[in-house]
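> Got a structure for you, start.txt, holding compact mmCIF, C-alpha atoms and all ligand atoms.
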```txt
# COMPACT_ATOMS: atom_id res chain seq x y z
CA MET T 714 -22.43 -15.87 0.87
CA ALA T 715 -26.16 -16.41 0.42
CA GLY T 716 -28.49 -13.87 1.91
CA ILE T 717 -26.23 -10.82 1.86
CA GLY T 718 -28.36 -7.70 2.02
CA LYS T 719 -27.31 -5.87 -1.09
CA THR T 720 -28.71 -2.69 -2.56
CA LEU T 721 -28.59 -3.07 -6.31
CA ARG T 722 -26.60 -0.62 -8.39
CA PHE T 723 -27.22 0.32 -12.00
CA TYR T 724 -24.43 2.53 -13.20
CA GLY T 725 -24.58 3.86 -16.76
CA ASN T 726 -21.28 4.62 -18.45
CA TRP T 727 -21.99 6.70 -21.54
CA LYS T 728 -18.35 6.82 -22.67
CA ALA T 729 -18.01 9.20 -25.67
CA GLU T 730 -21.56 8.64 -26.86
CA MET T 731 -24.29 11.30 -26.55
CA THR T 732 -24.40 15.10 -26.95
CA PRO T 733 -25.97 17.74 -24.70
CA ALA T 734 -29.17 17.62 -26.81
CA LYS T 735 -29.32 13.80 -26.66
CA THR T 736 -28.65 14.00 -22.93
CA ARG T 737 -31.69 16.24 -22.40
CA GLU T 738 -33.77 13.89 -24.54
CA PHE T 739 -32.59 10.86 -22.54
CA PHE T 740 -33.51 12.37 -19.17
CA LYS T 741 -36.90 13.54 -20.43
CA LYS T 742 -37.69 9.96 -21.44
CA PHE T 743 -36.06 8.48 -18.36
CA ALA T 744 -38.21 10.71 -16.13
CA ASN T 745 -41.28 9.20 -17.74
CA GLU T 746 -39.89 5.69 -17.22
CA ALA T 747 -38.74 6.29 -13.63
CA VAL T 748 -40.99 8.90 -12.04
CA VAL T 749 -44.21 8.19 -13.94
CA LYS T 750 -44.12 4.44 -14.62
CA ASN T 751 -41.84 2.93 -11.97
CA PHE T 752 -41.90 5.28 -8.99
CA ASN T 753 -42.90 2.69 -6.39
CA LEU T 754 -40.59 0.01 -7.75
CA LEU T 755 -37.57 2.31 -7.54
CA LYS T 756 -38.54 3.75 -4.15
CA ASP T 757 -39.24 0.36 -2.59
CA SER T 758 -36.11 -1.31 -3.94
CA GLY T 759 -33.83 1.60 -3.02
CA ALA T 760 -31.76 0.71 -6.11
CA LYS T 761 -28.97 3.17 -6.79
CA ILE T 762 -28.87 4.56 -10.31
CA MET T 763 -26.01 6.59 -11.70
CA ILE T 764 -25.18 8.00 -15.10
CA ALA T 765 -21.64 9.01 -16.05
CA PRO T 766 -22.01 11.18 -19.16
CA PRO T 767 -19.13 12.55 -21.22
CA SER T 768 -17.80 15.74 -19.64
CA ALA T 769 -19.42 18.05 -22.22
CA CYS T 770 -22.81 16.64 -21.20
CA LEU T 771 -22.43 16.82 -17.41
CA GLU T 772 -24.08 20.17 -16.95
CA SER T 773 -26.98 19.37 -19.29
CA ALA T 774 -27.43 16.16 -17.34
CA ARG T 775 -27.55 18.00 -14.01
CA LEU T 776 -30.04 20.58 -15.36
CA SER T 777 -32.25 17.82 -16.78
CA ILE T 778 -32.15 15.79 -13.57
CA ASN T 779 -33.26 18.88 -11.63
CA GLU T 780 -35.90 19.85 -14.17
CA HIS T 781 -37.54 16.40 -14.10
CA SER T 782 -37.22 15.83 -10.32
CA LEU T 783 -35.00 12.83 -10.99
CA GLY T 784 -32.54 13.67 -8.22
CA GLN T 785 -34.39 11.27 -5.89
CA PHE T 786 -33.39 8.38 -8.14
CA VAL T 787 -30.37 9.32 -10.23
CA GLU T 788 -26.88 10.50 -9.29
CA LEU T 789 -24.24 11.77 -11.68
CA GLY T 790 -20.78 10.34 -12.17
CA VAL T 791 -17.68 11.59 -13.94
CA GLN T 792 -15.69 9.37 -16.29
CA ALA T 793 -11.94 9.01 -15.79
CA PRO T 794 -11.38 12.31 -13.97
CA TRP T 795 -7.86 13.69 -13.71
CA HIS T 796 -6.75 14.07 -10.13
CA VAL T 797 -4.75 17.29 -10.41
CA VAL T 798 -5.86 20.79 -11.37
CA GLY T 799 -3.47 22.47 -13.78
CA ALA T 800 -2.17 22.68 -17.31
CA TYR T 801 -3.71 19.46 -18.66
CA THR T 802 -5.43 20.25 -21.93
CA GLY T 803 -8.68 18.40 -22.42
CA PHE T 804 -8.96 16.78 -19.01
CA THR T 805 -11.91 16.81 -16.62
CA THR T 806 -10.91 17.19 -12.97
CA LEU T 807 -12.53 15.97 -9.80
CA GLU T 808 -12.82 19.61 -8.76
CA MET T 809 -15.01 20.31 -11.82
CA ALA T 810 -17.12 17.23 -11.09
CA LYS T 811 -17.64 18.36 -7.50
CA ASP T 812 -18.86 21.84 -8.48
CA PRO T 813 -22.54 22.35 -7.51
CA ALA T 814 -23.40 22.89 -11.19
CA ILE T 815 -22.52 19.22 -11.72
CA ALA T 816 -22.56 17.74 -8.20
CA ALA T 817 -21.19 14.35 -9.26
CA LYS T 818 -21.24 11.70 -6.56
CA TYR T 819 -19.26 8.99 -8.38
CA ALA T 820 -16.13 8.68 -10.50
CA VAL T 821 -15.37 5.82 -12.89
CA ILE T 822 -11.63 5.24 -12.41
CA GLY T 823 -9.20 2.84 -14.08
CA HIS T 824 -11.57 1.80 -16.88
CA SER T 825 -9.89 -0.58 -19.30
CA GLU T 826 -10.55 1.81 -22.19
CA ARG T 827 -8.19 4.21 -20.38
CA ARG T 828 -5.74 1.57 -19.22
CA GLN T 829 -5.40 -0.33 -22.49
CA PRO T 830 -3.54 2.23 -24.67
CA TRP T 831 -0.91 2.70 -21.95
CA ARG T 832 -0.55 -1.01 -21.44
CA THR T 833 0.04 -1.45 -25.19
CA ILE T 834 2.66 1.31 -25.18
CA GLU T 835 4.37 -0.15 -22.13
CA ALA T 836 4.40 -3.63 -23.66
CA ALA T 837 5.95 -2.20 -26.83
CA ILE T 838 8.68 -0.42 -24.88
CA ARG T 839 9.45 -3.50 -22.81
CA ASN T 840 9.59 -5.72 -25.89
CA SER T 841 11.86 -3.26 -27.63
CA LEU T 842 14.21 -3.26 -24.62
CA LYS T 843 14.40 -7.03 -24.86
CA GLY T 844 14.78 -6.92 -28.63
CA ALA T 845 11.47 -8.80 -28.93
CA PRO T 846 8.95 -8.01 -31.68
CA SER T 847 6.70 -5.04 -31.00
CA PRO T 848 3.00 -5.73 -30.36
CA LEU T 849 2.14 -2.44 -32.08
CA ASN T 850 0.08 -2.45 -35.20
CA PRO T 851 1.99 -0.46 -37.87
CA ASP T 852 -1.29 0.33 -39.64
CA ASP T 853 -2.57 2.06 -36.55
CA VAL T 854 -1.56 5.75 -36.31
CA VAL T 855 -0.52 5.61 -32.65
CA GLY T 856 1.18 2.25 -33.13
CA SER T 857 3.26 3.44 -36.06
CA VAL T 858 4.33 6.67 -34.31
CA ILE T 859 5.42 4.80 -31.18
CA ALA T 860 7.21 2.17 -33.22
CA SER T 861 9.24 4.86 -34.99
CA ILE T 862 10.05 6.62 -31.70
CA LEU T 863 11.26 3.34 -30.22
CA LYS T 864 13.56 2.84 -33.19
CA GLU T 865 15.10 6.26 -32.59
CA ILE T 866 15.72 6.06 -28.87
CA ALA T 867 17.63 3.65 -26.72
CA ILE T 868 16.20 3.12 -23.26
CA ASP T 869 18.29 1.59 -20.57
CA SER T 870 16.49 0.24 -17.56
CA ASN T 871 18.55 -1.20 -14.73
CA LYS T 872 15.60 -1.37 -12.41
CA PRO T 873 12.84 -3.47 -13.97
CA GLN T 874 9.42 -2.59 -12.57
CA PRO T 875 6.29 -4.77 -12.60
CA PHE T 876 4.19 -4.34 -15.73
CA GLY T 877 1.67 -1.49 -15.49
CA ILE T 878 3.13 0.03 -12.34
CA ALA T 879 3.20 3.62 -13.61
CA LEU T 880 -0.42 3.42 -14.67
CA ASP T 881 -1.45 1.71 -11.43
CA ARG T 882 0.08 4.61 -9.50
CA ILE T 883 -2.01 7.13 -11.43
CA VAL T 884 -5.17 5.08 -10.83
CA ASN T 885 -4.29 4.90 -7.12
CA ALA T 886 -3.78 8.69 -6.97
CA GLN T 887 -7.17 9.22 -8.63
CA VAL T 888 -8.94 6.90 -6.18
CA LYS T 889 -7.35 8.75 -3.26
CA GLU T 890 -8.19 12.19 -4.60
CA ALA T 891 -11.82 11.19 -5.29
CA LEU T 892 -12.22 10.02 -1.71
CA LYS T 893 -10.57 13.20 -0.46
CA VAL T 894 -13.13 15.40 -2.21
CA GLY T 895 -16.05 13.16 -1.19
CA ILE T 896 -16.71 11.43 -4.52
CA THR T 897 -17.19 7.63 -4.49
CA PRO T 898 -14.59 6.00 -6.73
CA ILE T 899 -15.75 3.05 -8.81
CA LEU T 900 -12.43 1.30 -9.33
CA CYS T 901 -12.52 -0.79 -12.50
CA VAL T 902 -10.49 -3.97 -12.75
CA GLY T 903 -10.48 -6.72 -15.36
CA GLU T 904 -8.40 -9.09 -17.44
CA THR T 905 -7.93 -9.21 -21.19
CA LEU T 906 -8.81 -12.30 -23.20
CA SER T 907 -5.17 -13.35 -23.52
CA GLU T 908 -4.65 -12.95 -19.76
CA ARG T 909 -7.69 -15.16 -19.15
CA LYS T 910 -6.47 -17.75 -21.63
CA GLU T 911 -3.09 -17.79 -19.88
CA GLY T 912 -4.87 -18.52 -16.59
CA ARG T 913 -3.84 -15.16 -15.14
CA THR T 914 -7.30 -13.68 -14.43
CA THR T 915 -7.02 -13.73 -10.64
CA GLU T 916 -3.46 -12.45 -10.60
CA VAL T 917 -4.23 -9.53 -12.95
CA VAL T 918 -7.50 -8.52 -11.30
CA LEU T 919 -6.15 -8.70 -7.75
CA SER T 920 -3.01 -6.82 -8.66
CA GLN T 921 -5.09 -3.99 -10.21
CA LEU T 922 -7.30 -4.03 -7.13
CA SER T 923 -4.50 -3.90 -4.57
CA SER T 924 -2.50 -1.25 -6.39
CA GLY T 925 -5.65 0.84 -6.85
CA LEU T 926 -6.30 0.71 -3.10
CA GLU T 927 -2.69 0.94 -1.95
CA GLY T 928 -2.10 3.19 1.03
CA LEU T 929 -5.79 3.67 1.81
CA PRO T 930 -6.78 3.24 5.44
CA PRO T 931 -9.53 0.63 5.97
CA GLU T 932 -12.18 3.30 6.60
CA LEU T 933 -11.54 4.75 3.14
CA VAL T 934 -11.44 1.33 1.46
CA LYS T 935 -14.97 0.84 2.77
CA LEU T 936 -16.10 3.95 0.89
CA THR T 937 -14.82 2.61 -2.43
CA GLU T 938 -16.82 0.56 -4.93
CA ILE T 939 -15.42 -1.90 -7.44
CA ALA T 940 -16.43 -2.79 -10.99
CA TYR T 941 -15.22 -6.13 -12.33
CA GLU T 942 -15.11 -5.68 -16.08
CA PRO T 943 -13.51 -8.46 -18.11
CA VAL T 944 -12.03 -6.54 -21.05
CA TRP T 945 -13.11 -9.23 -23.53
CA ALA T 946 -16.78 -8.69 -22.59
CA ILE T 947 -16.87 -4.90 -22.93
CA GLY T 948 -18.86 -3.67 -25.91
CA THR T 949 -18.49 -7.07 -27.60
CA GLY T 950 -21.93 -8.49 -26.89
CA GLU T 951 -20.13 -11.34 -25.14
CA THR T 952 -20.96 -11.47 -21.43
CA ALA T 953 -19.09 -13.34 -18.74
CA SER T 954 -21.30 -16.19 -17.56
CA PRO T 955 -22.82 -15.59 -14.12
CA GLU T 956 -20.50 -18.33 -12.81
CA GLN T 957 -17.39 -16.77 -14.36
CA ALA T 958 -18.29 -13.37 -12.92
CA GLU T 959 -19.17 -14.81 -9.53
CA GLU T 960 -15.87 -16.64 -9.28
CA VAL T 961 -13.89 -13.42 -9.77
CA HIS T 962 -16.18 -11.37 -7.51
CA VAL T 963 -15.54 -13.83 -4.68
CA LYS T 964 -11.77 -13.45 -5.14
CA ILE T 965 -12.18 -9.68 -5.10
CA TYR T 966 -14.18 -9.92 -1.86
CA ASP T 967 -11.46 -11.94 -0.19
CA ARG T 968 -8.80 -9.40 -1.13
CA LEU T 969 -11.08 -6.47 -0.24
CA SER T 970 -11.69 -7.81 3.22
CA GLU T 971 -7.91 -7.75 3.77
CA HIS T 972 -7.69 -4.12 2.64
CA ALA T 973 -10.78 -3.06 4.56
CA GLN T 974 -10.05 -5.24 7.60
CA THR T 975 -13.72 -5.96 7.70
CA PRO T 976 -16.02 -8.96 7.29
CA LYS T 977 -16.83 -9.74 3.69
CA HIS T 978 -19.75 -8.48 1.61
CA ASN T 979 -19.87 -4.87 2.74
CA ILE T 980 -18.24 -3.31 -0.29
CA PRO T 981 -20.31 -3.23 -3.47
CA ILE T 982 -18.84 -4.95 -6.51
CA VAL T 983 -20.69 -4.50 -9.78
CA TYR T 984 -20.16 -6.43 -13.00
CA GLY T 985 -19.52 -4.70 -16.34
CA GLY T 986 -19.35 -6.11 -19.85
CA SER T 987 -22.35 -6.32 -22.18
CA MET T 988 -24.91 -6.37 -19.38
CA LYS T 989 -28.33 -6.23 -21.05
CA PRO T 990 -32.01 -6.49 -20.05
CA ASP T 991 -31.98 -10.20 -20.90
CA ASN T 992 -28.87 -11.22 -18.95
CA VAL T 993 -29.04 -8.94 -15.90
CA ALA T 994 -31.28 -11.27 -13.86
CA ALA T 995 -28.94 -14.27 -13.94
CA LEU T 996 -25.98 -12.06 -13.02
CA VAL T 997 -27.51 -10.17 -10.08
CA LYS T 998 -29.00 -13.37 -8.68
CA LYS T 999 -25.45 -14.32 -7.79
CA PRO T 1000 -24.93 -13.03 -4.24
CA PRO T 1001 -21.63 -11.24 -4.80
CA ILE T 1002 -22.85 -9.30 -7.87
CA TRP T 1003 -24.45 -6.05 -6.76
CA GLY T 1004 -25.49 -4.73 -10.17
CA GLY T 1005 -23.75 -3.42 -13.23
CA LEU T 1006 -21.59 -0.84 -14.87
CA ILE T 1007 -23.48 -0.62 -18.10
CA GLY T 1008 -22.31 0.91 -21.36
CA GLY T 1009 -24.40 0.27 -24.50
CA ALA T 1010 -27.59 -0.68 -22.66
CA SER T 1011 -27.62 2.60 -20.70
CA LEU T 1012 -27.89 4.83 -23.75
CA LYS T 1013 -31.62 4.42 -24.34
CA ALA T 1014 -33.96 5.36 -21.51
CA ASP T 1015 -36.43 2.52 -22.09
CA VAL T 1016 -33.74 -0.16 -22.47
CA PHE T 1017 -31.90 1.04 -19.35
CA MET T 1018 -35.16 1.07 -17.37
CA LEU T 1019 -36.04 -2.44 -18.56
CA LEU T 1020 -32.63 -3.64 -17.43
CA ILE T 1021 -33.21 -2.03 -14.02
CA GLN T 1022 -36.70 -3.56 -13.73
CA ASN T 1023 -35.41 -7.03 -14.63
CA GLY T 1024 -32.55 -6.70 -12.18
CA ILE T 1025 -34.80 -5.65 -9.31
CA ALA T 1026 -37.35 -8.39 -10.10
CA ALA T 1027 -34.60 -11.02 -10.03
CA VAL T 1028 -33.66 -10.35 -6.41
CA SER T 1029 -37.13 -9.53 -5.03
P1 LIG T 1101 -20.78 -2.37 -22.29
O1 LIG T 1101 -19.74 -1.41 -21.51
O2 LIG T 1101 -21.95 -2.57 -21.38
O3 LIG T 1101 -21.14 -1.60 -23.54
O4 LIG T 1101 -20.07 -3.64 -22.56
C1 LIG T 1101 -19.47 -1.61 -20.14
C2 LIG T 1101 -18.36 -0.70 -19.69
O5 LIG T 1101 -17.34 -0.59 -20.38
O6 LIG T 1101 -18.44 -0.06 -18.62
```
Mind turning the file's structure into structure tokens?

Amino acid sequence: MAGIGKTLRFYGNWKAEMTPAKTREFFKKFANEAVVKNFNLLKDSGAKIMIAPPSACLESARLSINEHSLGQFVELGVQAPWHVVGAYTGFTTLEMAKDPAIAAKYAVIGHSERRQPWRTIEAAIRNSLKGAPSPLNPDDVVGSVIASILKEIAIDSNKPQPFGIALDRIVNAQVKEALKVGITPILCVGETLSERKEGRTTEVVLSQLSSGLEGLPPELVKLTEIAYEPVWAIGTGETASPEQAEEVHVKIYDRLSEHAQTPKHNIPIVYGGSMKPDNVAALVKKPPIWGGLIGGASLKADVFMLLIQNGIAAVS
């Protein structure tokens, strides 16, 4: 796997942080970091930089990128877009993201922060069907409401389905719709701490991967990017070791080459989970790690730029 020609990716996922005013402030500072201080470094490396702001900040982000001539370096992404236009209060659609006022090029799909609540609900329903104790926390508002609903209703399921299948189908529909409208999906996959401890990392990650890509012809699989994000490393300050991440990336490559019917290494896989300026180098030095999906460390322009600099230096 050594020597693969990879173009590094630094994808910022702002989650529900930031406001339009903070967004403008970020890009003003980032323009100074990127265009003034690091123009040649970014141009020569060809590194791809993306920011996925919260939906209320997308237009401010686009205006700021244009104002500071950052379009040569930075693309926009949309977080967890809904794949259908219609009566869905509060959702951001791919159609909105595609509008020239936003012009997003990427979509972060299947992030664990979107998967996890549904997985908890599904586990609670399944346990209740089996008469097993509920994993819901009664002190948590959502947990207590669901627990009381489950007490009230009896669900009969004669056709057991694999865990997470309903959610996987939604993720798959979102990946397909993104590709249809010309937005690159970044399909997020990753195991929880308990799944890792049970030795199920590969099984969980590959099942999320295959169901996310199900039904896609090889030429569309090749237009998809993957983020491996171990859930236990997200926002915790705990990073997967470069070896742990590499091991899973290699498994993802093997499965991807089946879906894409192509030799390995052509589909970018980034790592996500507490990537920081001081751990990026060791991670991206591993051949199958093409960069990062970065939460906390993408919120400050100087920190994000330092992470990018350290990442580029590590592979130069
Ligand atoms: P983090 O978030 O860098 O803050 O851990 C990564 C992500 O969830 O995409």
> Could you list, as a PyMOL selection string, all residues that come within 10 Å of ligand LIG 1101 (chain T)? Count all atoms listed in the file.
chain T and resi 724-728+765+821+824-826+901+940-952+984-989+1005-1012
> Let me make sure I understand: among T:Ser841, T:Leu754, T:Lys999, T:Pro976, which one has the smallest atom-to-atom distance to Ala1026 in chain T if we use only C-alpha atoms?
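Of the candidates, the smallest distance to Ala1026 in chain T is held by T:Leu754.
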> Using only C-alpha atoms for the distances, tell me which of T:Lys1013, T:Leu807, T:Leu1019, T:Ser920 is nearest to Asn992 in chain T.
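Result for the nearest residue to Asn992 in chain T: T:Leu1019.
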> To one decimal place in Å, what is the distance between CA of Gln887 in chain T and CA of Thr914 in chain T?
23.6 Å
> Using all atoms listed in the file, which of the listed residues (T:Ala760, T:Thr736, T:Val787, T:Leu880) sits closest to Ser1029 in chain T?
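Residue with the minimum atom-to-atom distance to Ser1029 in chain T: T:Ala760.
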> Counting only C-alpha atoms, which of T:Ile838, T:Leu933, T:Ile965, T:Leu755 gets nearest to Arg722 in chain T?
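Nearest candidate to Arg722 in chain T out of T:Ile838, T:Leu933, T:Ile965, T:Leu755: T:Leu755.
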> Expressed in Å to a single decimal, how great is the separation between CA of Thr833 in chain T and CA of Val918 in chain T?
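Here the two named atoms are 17.3 Å from each other.
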> Edge lengths and centre in Å to one decimal, as lines of an AutoDock Vina configuration file, is what I'm after for the box along x, y and z that holds all listed atoms of range 933-946 of chain T once 4 Å is added on each side.

```
center_x = -14.1
center_y = -2.2
center_z = -10.2
size_x = 13.4
size_y = 22.0
size_z = 34.7
```
